[in-house]
Amino acid sequence: MLLALPLLACSHAAFEAGAGQLKSDAEDFEKSLRFQDYGGAAQLVTPSRRQAFLAARRKEGNDLTITDMEVIDVQMSADGKHAIVMSRMRWVKLPSVTEVTAEVHEQWDVAGTGWQLMAMSGGPFPELEVPH
């Protein structure tokens, strides 16, 4: 029994560290989007979707402006290796002048010492949507 306690403590500490890194990575991604630093945002997108994300940003030019993002909830898997981040995103996409507000679901997975965005649904990034 005494051996199990340190293992549980280590497991909990690793879970907390993973959650802290997820928060940091998700905030970095959102900040990069808001400042149109798509190269920075792309570094947090899984490599299999990164080029499509960058190509879409080049094609759109400056037509998309993310005006605000706010994390609403984070749900982590029991093993601490997968998470869903729910955010409220606001954006304007020219030629429209209307601000759109939507709930966005981001799927994140542990990758090395950080997290990578695997998919996003509900936002202005169709290339990140989960294929149906």
# chains A, B, ... in the order shown; residues from 1 in each chain; ligands from 1

$ closest_atom_pairs --of "region 77-123 of chain A" --to "region 51-72 of chain A" --cutoff "6 Å" --atoms "only C-alpha atoms" --output "tab-separated table"
residue	atom	partner	partner_atom	distance
A:Met86	CA	A:Ile72	CA	5.4
A:Ser87	CA	A:Val71	CA	4.2
A:Arg88	CA	A:Glu70	CA	5.2
A:Met89	CA	A:Met69	CA	4.4
A:Arg90	CA	A:Asp68	CA	5.1
A:Trp91	CA	A:Ile66	CA	4.3
A:Val92	CA	A:Thr65	CA	5.3
A:Lys93	CA	A:Leu64	CA	4.4
A:Leu94	CA	A:Asp63	CA	4.9

$ write_last_selection --atoms "N, CA, C and O atoms" --output "PDB file, in the first residue's frame"
ATOM      1  N   MET A  86     -13.577  23.811 -24.885  1.00  0.00           N
ATOM      2  CA  MET A  86     -14.728  24.523 -25.437  1.00  0.00           C
ATOM      3  C   MET A  86     -14.513  26.010 -25.218  1.00  0.00           C
ATOM      4  O   MET A  86     -14.245  26.440 -24.092  1.00  0.00           O
ATOM      5  N   SER A  87     -14.612  26.758 -26.309  1.00  0.00           N
ATOM      6  CA  SER A  87     -14.388  28.205 -26.253  1.00  0.00           C
ATOM      7  C   SER A  87     -15.529  28.926 -26.952  1.00  0.00           C
ATOM      8  O   SER A  87     -16.210  28.362 -27.800  1.00  0.00           O
ATOM      9  N   ARG A  88     -15.683  30.178 -26.595  1.00  0.00           N
ATOM     10  CA  ARG A  88     -16.574  31.065 -27.324  1.00  0.00           C
ATOM     11  C   ARG A  88     -15.673  31.938 -28.200  1.00  0.00           C
ATOM     12  O   ARG A  88     -14.763  32.587 -27.701  1.00  0.00           O
ATOM     13  N   MET A  89     -15.908  31.883 -29.497  1.00  0.00           N
ATOM     14  CA  MET A  89     -15.076  32.621 -30.449  1.00  0.00           C
ATOM     15  C   MET A  89     -15.938  33.654 -31.162  1.00  0.00           C
ATOM     16  O   MET A  89     -17.078  33.382 -31.524  1.00  0.00           O
ATOM     17  N   ARG A  90     -15.350  34.832 -31.363  1.00  0.00           N
ATOM     18  CA  ARG A  90     -16.004  35.888 -32.133  1.00  0.00           C
ATOM     19  C   ARG A  90     -15.076  36.261 -33.282  1.00  0.00           C
ATOM     20  O   ARG A  90     -13.870  36.409 -33.083  1.00  0.00           O
ATOM     21  N   TRP A  91     -15.666  36.417 -34.479  1.00  0.00           N
ATOM     22  CA  TRP A  91     -14.854  36.778 -35.624  1.00  0.00           C
ATOM     23  C   TRP A  91     -15.666  37.562 -36.645  1.00  0.00           C
ATOM     24  O   TRP A  91     -16.889  37.533 -36.648  1.00  0.00           O
ATOM     25  N   VAL A  92     -14.923  38.242 -37.516  1.00  0.00           N
ATOM     26  CA  VAL A  92     -15.486  38.931 -38.670  1.00  0.00           C
ATOM     27  C   VAL A  92     -14.735  38.413 -39.880  1.00  0.00           C
ATOM     28  O   VAL A  92     -13.504  38.343 -39.875  1.00  0.00           O
ATOM     29  N   LYS A  93     -15.486  38.025 -40.897  1.00  0.00           N
ATOM     30  CA  LYS A  93     -14.873  37.554 -42.137  1.00  0.00           C
ATOM     31  C   LYS A  93     -15.402  38.412 -43.280  1.00  0.00           C
ATOM     32  O   LYS A  93     -16.588  38.392 -43.589  1.00  0.00           O
ATOM     33  N   LEU A  94     -14.497  39.204 -43.860  1.00  0.00           N
ATOM     34  CA  LEU A  94     -14.875  40.094 -44.957  1.00  0.00           C
ATOM     35  C   LEU A  94     -15.337  39.286 -46.153  1.00  0.00           C
ATOM     36  O   LEU A  94     -14.866  38.172 -46.361  1.00  0.00           O
TER      37      LEU A  94
END

$ closest_atom_pairs --of "region 63-104 of chain A" --to "region 112-125 of chain A" --cutoff "7 Å" --atoms "only C-alpha atoms" --output "JSON lines"
{"residue": "A:Ala102", "atom": "CA", "partner": "A:Gly122", "partner_atom": "CA", "distance": 6.5}
{"residue": "A:Glu103", "atom": "CA", "partner": "A:Gly122", "partner_atom": "CA", "distance": 6.1}
{"residue": "A:Val104", "atom": "CA", "partner": "A:Gly122", "partner_atom": "CA", "distance": 4.7}

$ closest_residue --among "A:Trp108, A:Asp37, A:Pro95, A:Ser24" --to "Met76 (chain A)" --atoms "only C-alpha atoms"
A:Trp108

$ atom_distance --atom1 "CA of Glu99 (chain A)" --atom2 "CA of Val74 (chain A)"
24.8 Å

$ atom_distance --atom1 "CA of Val110 (chain A)" --atom2 "CA of Lys81 (chain A)"
5.1 Å

$ select_by_dssp --residues "chain A" --states "alpha helix (DSSP H)" --output "number ranges by chain"
A: 4-34, 38-42, 47-60

$ write_last_selection --atoms "N, CA and C atoms" --output "compact mmCIF listing (two decimals), in the first residue's frame"
# COMPACT_ATOMS: atom_id res chain seq x y z
N ALA A 4 1.96 2.31 -3.43
CA ALA A 4 0.91 2.86 -4.29
C ALA A 4 0.74 4.35 -4.10
N LEU A 5 0.93 4.85 -2.89
CA LEU A 5 0.73 6.28 -2.63
C LEU A 5 1.67 7.15 -3.46
N PRO A 6 2.97 6.87 -3.52
CA PRO A 6 3.82 7.70 -4.37
C PRO A 6 3.42 7.62 -5.84
N LEU A 7 2.98 6.45 -6.29
CA LEU A 7 2.55 6.33 -7.68
C LEU A 7 1.32 7.18 -7.95
N LEU A 8 0.38 7.18 -7.03
CA LEU A 8 -0.80 8.02 -7.19
C LEU A 8 -0.43 9.48 -7.16
N ALA A 9 0.47 9.85 -6.28
CA ALA A 9 0.91 11.24 -6.19
C ALA A 9 1.60 11.67 -7.48
N CYS A 10 2.45 10.80 -8.02
CA CYS A 10 3.13 11.12 -9.28
C CYS A 10 2.12 11.22 -10.42
N SER A 11 1.16 10.32 -10.44
CA SER A 11 0.14 10.33 -11.48
C SER A 11 -0.67 11.62 -11.42
N HIS A 12 -1.07 12.02 -10.21
CA HIS A 12 -1.83 13.25 -10.04
C HIS A 12 -0.99 14.46 -10.43
N ALA A 13 0.28 14.48 -10.04
CA ALA A 13 1.17 15.58 -10.39
C ALA A 13 1.35 15.68 -11.90
N ALA A 14 1.49 14.54 -12.56
CA ALA A 14 1.63 14.53 -14.02
C ALA A 14 0.35 15.04 -14.68
N PHE A 15 -0.81 14.65 -14.14
CA PHE A 15 -2.10 15.11 -14.66
C PHE A 15 -2.20 16.63 -14.52
N GLU A 16 -1.83 17.15 -13.36
CA GLU A 16 -1.88 18.60 -13.12
C GLU A 16 -0.91 19.33 -14.05
N ALA A 17 0.28 18.79 -14.23
CA ALA A 17 1.26 19.41 -15.13
C ALA A 17 0.74 19.40 -16.56
N GLY A 18 0.11 18.28 -16.96
CA GLY A 18 -0.46 18.19 -18.30
C GLY A 18 -1.57 19.21 -18.50
N ALA A 19 -2.41 19.38 -17.49
CA ALA A 19 -3.50 20.36 -17.57
C ALA A 19 -2.94 21.77 -17.66
N GLY A 20 -1.90 22.04 -16.92
CA GLY A 20 -1.26 23.37 -16.97
C GLY A 20 -0.66 23.64 -18.34
N GLN A 21 -0.01 22.64 -18.92
CA GLN A 21 0.58 22.80 -20.25
C GLN A 21 -0.51 22.96 -21.31
N LEU A 22 -1.61 22.23 -21.17
CA LEU A 22 -2.74 22.38 -22.09
C LEU A 22 -3.27 23.81 -22.04
N LYS A 23 -3.46 24.33 -20.86
CA LYS A 23 -3.95 25.70 -20.71
C LYS A 23 -3.01 26.68 -21.41
N SER A 24 -1.73 26.50 -21.19
CA SER A 24 -0.73 27.37 -21.81
C SER A 24 -0.76 27.25 -23.34
N ASP A 25 -0.79 26.02 -23.85
CA ASP A 25 -0.79 25.81 -25.30
C ASP A 25 -2.07 26.33 -25.95
N ALA A 26 -3.22 26.09 -25.30
CA ALA A 26 -4.49 26.58 -25.84
C ALA A 26 -4.52 28.11 -25.86
N GLU A 27 -4.01 28.73 -24.80
CA GLU A 27 -3.96 30.20 -24.76
C GLU A 27 -3.01 30.74 -25.82
N ASP A 28 -1.87 30.08 -26.03
CA ASP A 28 -0.93 30.51 -27.08
C ASP A 28 -1.59 30.41 -28.46
N PHE A 29 -2.33 29.33 -28.70
CA PHE A 29 -3.02 29.14 -29.98
C PHE A 29 -4.03 30.26 -30.19
N GLU A 30 -4.85 30.52 -29.18
CA GLU A 30 -5.87 31.55 -29.29
C GLU A 30 -5.27 32.93 -29.46
N LYS A 31 -4.20 33.22 -28.75
CA LYS A 31 -3.53 34.52 -28.88
C LYS A 31 -2.96 34.68 -30.28
N SER A 32 -2.36 33.62 -30.81
CA SER A 32 -1.82 33.68 -32.17
C SER A 32 -2.92 33.95 -33.17
N LEU A 33 -4.09 33.31 -33.02
CA LEU A 33 -5.20 33.56 -33.93
C LEU A 33 -5.66 35.01 -33.85
N ARG A 34 -5.79 35.53 -32.64
CA ARG A 34 -6.27 36.91 -32.48
C ARG A 34 -5.33 37.92 -33.11
N TYR A 38 -0.54 33.33 -37.85
CA TYR A 38 -0.96 32.00 -38.24
C TYR A 38 0.20 31.01 -38.26
N GLY A 39 1.40 31.49 -38.48
CA GLY A 39 2.57 30.61 -38.39
C GLY A 39 2.75 30.10 -36.98
N GLY A 40 2.57 30.98 -36.01
CA GLY A 40 2.66 30.58 -34.60
C GLY A 40 1.54 29.63 -34.22
N ALA A 41 0.32 29.93 -34.67
CA ALA A 41 -0.82 29.05 -34.39
C ALA A 41 -0.59 27.67 -35.02
N ALA A 42 -0.05 27.66 -36.24
CA ALA A 42 0.16 26.40 -36.96
C ALA A 42 1.12 25.47 -36.23
N PRO A 47 0.69 18.02 -37.32
CA PRO A 47 1.35 18.11 -38.62
C PRO A 47 0.48 17.67 -39.80
N SER A 48 -0.42 16.73 -39.60
CA SER A 48 -1.25 16.25 -40.72
C SER A 48 -2.24 17.31 -41.21
N ARG A 49 -2.49 18.35 -40.44
CA ARG A 49 -3.43 19.41 -40.84
C ARG A 49 -2.75 20.77 -40.98
N ARG A 50 -1.50 20.84 -40.61
CA ARG A 50 -0.79 22.13 -40.56
C ARG A 50 -0.72 22.82 -41.92
N GLN A 51 -0.35 22.10 -42.96
CA GLN A 51 -0.21 22.73 -44.28
C GLN A 51 -1.55 23.22 -44.82
N ALA A 52 -2.62 22.45 -44.60
CA ALA A 52 -3.95 22.88 -45.04
C ALA A 52 -4.38 24.14 -44.29
N PHE A 53 -4.07 24.21 -43.00
CA PHE A 53 -4.39 25.39 -42.20
C PHE A 53 -3.65 26.62 -42.74
N LEU A 54 -2.35 26.47 -43.00
CA LEU A 54 -1.57 27.60 -43.52
C LEU A 54 -2.00 28.00 -44.92
N ALA A 55 -2.30 27.02 -45.77
CA ALA A 55 -2.75 27.33 -47.13
C ALA A 55 -4.06 28.11 -47.11
N ALA A 56 -4.97 27.72 -46.23
CA ALA A 56 -6.25 28.43 -46.11
C ALA A 56 -6.04 29.85 -45.62
N ARG A 57 -5.11 30.05 -44.70
CA ARG A 57 -4.84 31.40 -44.20
C ARG A 57 -4.22 32.27 -45.30
N ARG A 58 -3.33 31.70 -46.11
CA ARG A 58 -2.73 32.47 -47.22
C ARG A 58 -3.81 32.85 -48.23
N LYS A 59 -4.72 31.92 -48.52
CA LYS A 59 -5.78 32.17 -49.49
C LYS A 59 -6.72 33.28 -49.01
N GLU A 60 -7.05 33.27 -47.72
CA GLU A 60 -7.95 34.28 -47.17
C GLU A 60 -7.28 35.63 -47.00

$ select_by_dssp --residues "region 18-107 of chain A" --states "strand (DSSP E)" --output "count of residues only"
33

$ atom_distance --atom1 "CA of Gly80 (chain A)" --atom2 "CA of Leu44 (chain A)"
17.8 Å
